[in-house]
Amino acid sequence: MHSIRKGVVTFQRYVFPQHKALFSRLALGQTPAALFITCADSRVDPTLITHSHPGELFVDRNAGNFMPPFHGENASEAAGLEYALKVLKIPNIIICGHTDCGAMKAVWHPERAKDLPSVTRWLTNGKEARRHVMAMKLPEDQQLNAITQRNIVNQLQNLRTYPVVRHALEAGTLDIAGWVYDIEHGKVLEYAPATDSFEILRA
């Protein structure tokens, strides 16, 4: 805790004064360019990956970067999407997974979470990705990466089940994308629906 408190003091003393105009503007409101749905993993820093500034990303994080399908009861996900699209008028949604994901490892080998009942229930959101990949009979060393990527595809499909998202897509006011961030190499792969594959992201 000491190092975290020290970091706050450093921010207040050295970082904040250098960006005072930015924070004065942010104090009046926010206009994010994207809703960034990603994993809670501490190694994934959305603003660092996208080279963004405070106020440019509306971030939603959970273990496994899941977006459960709409069923009228998942108030947290529905409320976040509703606020992002109807109030903030955000024009882009990105669902971003990453390599070496602990949640995906537990989806791949469910026994790893056998003593974590709440985690086990949450990870059922990834079971379809596992089923799809295991049916492909891939070599074992390719399975985790394939599950990570297929999970992104499935979460994009789930995202479309939310009425507020579907309406925005139909109105042409929203773009959605699926990414996988490669922690070791700093690369981002983007899902290409036309080929049902992931390709190196290019501007």
# chains A, B, ... in the order shown; residues from 1 in each chain; ligands from 1
call {"tool": "residues_around", "arguments": {"residues": "Phe198 (chain A)", "least_positions_apart": "3", "cutoff": "8 Å", "atoms": "only C-alpha atoms", "output": "PyMOL selection string"}}
result
chain A and resi 149+189-192
call {"tool": "closest_atom_pairs", "arguments": {"of": "region 48-127 of chain A", "to": "region 161-171 of chain A", "cutoff": "7 Å", "atoms": "only C-alpha atoms", "output": "JSON lines"}}
result
{"residue": "A:Pro69", "atom": "CA", "partner": "A:Thr161", "partner_atom": "CA", "distance": 6.1}
{"residue": "A:Phe70", "atom": "CA", "partner": "A:Tyr162", "partner_atom": "CA", "distance": 5.4}
{"residue": "A:Glu82", "atom": "CA", "partner": "A:Val164", "partner_atom": "CA", "distance": 6.2}
call {"tool": "write_last_selection", "arguments": {"atoms": "N, CA and C atoms", "output": "compact mmCIF listing (two decimals), in the first residue's frame"}}
result
# COMPACT_ATOMS: atom_id res chain seq x y z
N PRO A 69 -24.78 -12.70 -22.80
CA PRO A 69 -25.89 -12.33 -23.68
C PRO A 69 -27.01 -11.67 -22.89
N PHE A 70 -27.72 -10.77 -23.54
CA PHE A 70 -28.80 -10.03 -22.91
C PHE A 70 -29.94 -10.98 -22.53
N GLU A 82 -26.07 1.01 -22.00
CA GLU A 82 -27.10 2.03 -22.18
C GLU A 82 -26.54 3.43 -21.92
call {"tool": "residues_around", "arguments": {"residues": "region 90-94 of chain A", "least_positions_apart": "3", "cutoff": "10 Å", "atoms": "only C-alpha atoms", "output": "ChimeraX atom specification"}}
result
/A:31-38,57-59,81,83-87,97,152,156,159,165,168-169,172-179,190
call {"tool": "write_last_selection", "arguments": {"atoms": "C-alpha atoms", "output": "PDB file, in the first residue's frame"}}
result
ATOM      1  CA  THR A  31     -16.673  12.593 -24.434  1.00  0.00           C
ATOM      2  CA  PRO A  32     -14.973   9.193 -24.834  1.00  0.00           C
ATOM      3  CA  ALA A  33     -14.180   7.909 -28.310  1.00  0.00           C
ATOM      4  CA  ALA A  34     -14.783   4.277 -27.368  1.00  0.00           C
ATOM      5  CA  LEU A  35     -16.192   1.879 -24.824  1.00  0.00           C
ATOM      6  CA  PHE A  36     -13.285  -0.472 -24.143  1.00  0.00           C
ATOM      7  CA  ILE A  37     -14.390  -3.816 -22.659  1.00  0.00           C
ATOM      8  CA  THR A  38     -11.391  -5.786 -21.491  1.00  0.00           C
ATOM      9  CA  LEU A  57     -11.791   5.686 -23.204  1.00  0.00           C
ATOM     10  CA  PHE A  58     -14.819   4.508 -21.214  1.00  0.00           C
ATOM     11  CA  VAL A  59     -13.427   1.289 -19.716  1.00  0.00           C
ATOM     12  CA  LEU A  81     -24.002  -0.122 -22.494  1.00  0.00           C
ATOM     13  CA  TYR A  83     -25.200   4.858 -20.525  1.00  0.00           C
ATOM     14  CA  ALA A  84     -22.300   4.628 -22.974  1.00  0.00           C
ATOM     15  CA  LEU A  85     -24.472   4.712 -26.081  1.00  0.00           C
ATOM     16  CA  LYS A  86     -27.470   6.812 -25.060  1.00  0.00           C
ATOM     17  CA  VAL A  87     -25.920   9.357 -22.717  1.00  0.00           C
ATOM     18  CA  GLY A  97      -8.784 -10.067 -24.803  1.00  0.00           C
ATOM     19  CA  ILE A 152     -13.733 -12.581 -28.501  1.00  0.00           C
ATOM     20  CA  LEU A 156     -19.056  -9.751 -30.036  1.00  0.00           C
ATOM     21  CA  LEU A 159     -22.914  -7.774 -27.568  1.00  0.00           C
ATOM     22  CA  VAL A 165     -26.419  -1.993 -29.321  1.00  0.00           C
ATOM     23  CA  ALA A 168     -27.189   1.784 -32.742  1.00  0.00           C
ATOM     24  CA  LEU A 169     -25.758  -0.635 -35.300  1.00  0.00           C
ATOM     25  CA  GLY A 172     -25.196   3.384 -38.379  1.00  0.00           C
ATOM     26  CA  THR A 173     -24.005   5.260 -35.288  1.00  0.00           C
ATOM     27  CA  LEU A 174     -21.845   2.474 -33.854  1.00  0.00           C
ATOM     28  CA  ASP A 175     -18.844   0.406 -34.900  1.00  0.00           C
ATOM     29  CA  ILE A 176     -17.698  -2.634 -32.928  1.00  0.00           C
ATOM     30  CA  ALA A 177     -14.355  -4.438 -32.988  1.00  0.00           C
ATOM     31  CA  GLY A 178     -12.713  -7.441 -31.358  1.00  0.00           C
ATOM     32  CA  TRP A 179      -9.045  -7.430 -30.399  1.00  0.00           C
ATOM     33  CA  GLU A 190      -8.150  -7.570 -34.791  1.00  0.00           C
TER      34      GLU A 190
END
call {"tool": "closest_residue", "arguments": {"among": "A:Gln30, A:Arg25, A:Lys187, A:Leu201", "to": "Lys89 (chain A)", "atoms": "only C-alpha atoms"}}
result
A:Gln30
call {"tool": "select_by_dssp", "arguments": {"residues": "region 15-123 of chain A", "states": "alpha helix (DSSP H)", "output": "PyMOL selection string"}}
result
chain A and resi 16-18+20-26+46-50+75-82+102-108+117-123
call {"tool": "write_last_selection", "arguments": {"atoms": "C-alpha atoms", "output": "mmCIF file, in the first residue's frame"}}
result
data_model
loop_
_atom_site.group_PDB
_atom_site.id
_atom_site.type_symbol
_atom_site.label_atom_id
_atom_site.label_comp_id
_atom_site.auth_asym_id
_atom_site.auth_seq_id
_atom_site.Cartn_x
_atom_site.Cartn_y
_atom_site.Cartn_z
ATOM 1 C CA PHE A 16 -1.085 16.814 -12.402
ATOM 2 C CA PRO A 17 0.525 20.279 -12.658
ATOM 3 C CA GLN A 18 1.881 19.422 -16.130
ATOM 4 C CA LYS A 20 -3.709 21.032 -15.431
ATOM 5 C CA ALA A 21 -5.521 22.332 -18.516
ATOM 6 C CA LEU A 22 -6.543 18.800 -19.487
ATOM 7 C CA PHE A 23 -7.934 18.007 -16.043
ATOM 8 C CA SER A 24 -9.750 21.358 -15.889
ATOM 9 C CA ARG A 25 -11.483 20.412 -19.127
ATOM 10 C CA LEU A 26 -12.239 16.872 -17.906
ATOM 11 C CA PRO A 46 -6.117 0.194 -22.282
ATOM 12 C CA THR A 47 -4.797 3.755 -22.366
ATOM 13 C CA LEU A 48 -1.224 2.536 -22.852
ATOM 14 C CA ILE A 49 -2.146 0.079 -25.612
ATOM 15 C CA THR A 50 -4.172 2.678 -27.524
ATOM 16 C CA ALA A 75 -28.319 -5.090 -15.117
ATOM 17 C CA SER A 76 -24.635 -4.196 -14.847
ATOM 18 C CA GLU A 77 -23.764 -4.927 -18.469
ATOM 19 C CA ALA A 78 -27.025 -3.484 -19.805
ATOM 20 C CA ALA A 79 -26.703 -0.321 -17.727
ATOM 21 C CA GLY A 80 -23.119 0.284 -18.837
ATOM 22 C CA LEU A 81 -24.002 -0.122 -22.494
ATOM 23 C CA GLU A 82 -27.104 2.029 -22.182
ATOM 24 C CA GLY A 102 -5.908 -16.648 -16.461
ATOM 25 C CA ALA A 103 -9.635 -16.738 -17.146
ATOM 26 C CA MET A 104 -9.077 -18.363 -20.530
ATOM 27 C CA LYS A 105 -6.705 -20.888 -18.957
ATOM 28 C CA ALA A 106 -9.461 -21.834 -16.506
ATOM 29 C CA VAL A 107 -12.001 -22.044 -19.349
ATOM 30 C CA TRP A 108 -9.554 -24.342 -21.142
ATOM 31 C CA PRO A 117 -17.368 -21.454 -7.079
ATOM 32 C CA SER A 118 -18.065 -17.841 -8.012
ATOM 33 C CA VAL A 119 -15.278 -17.878 -10.592
ATOM 34 C CA THR A 120 -16.539 -21.183 -11.968
ATOM 35 C CA ARG A 121 -20.026 -19.753 -12.496
ATOM 36 C CA TRP A 122 -18.620 -16.661 -14.217
ATOM 37 C CA LEU A 123 -16.422 -18.738 -16.514
#
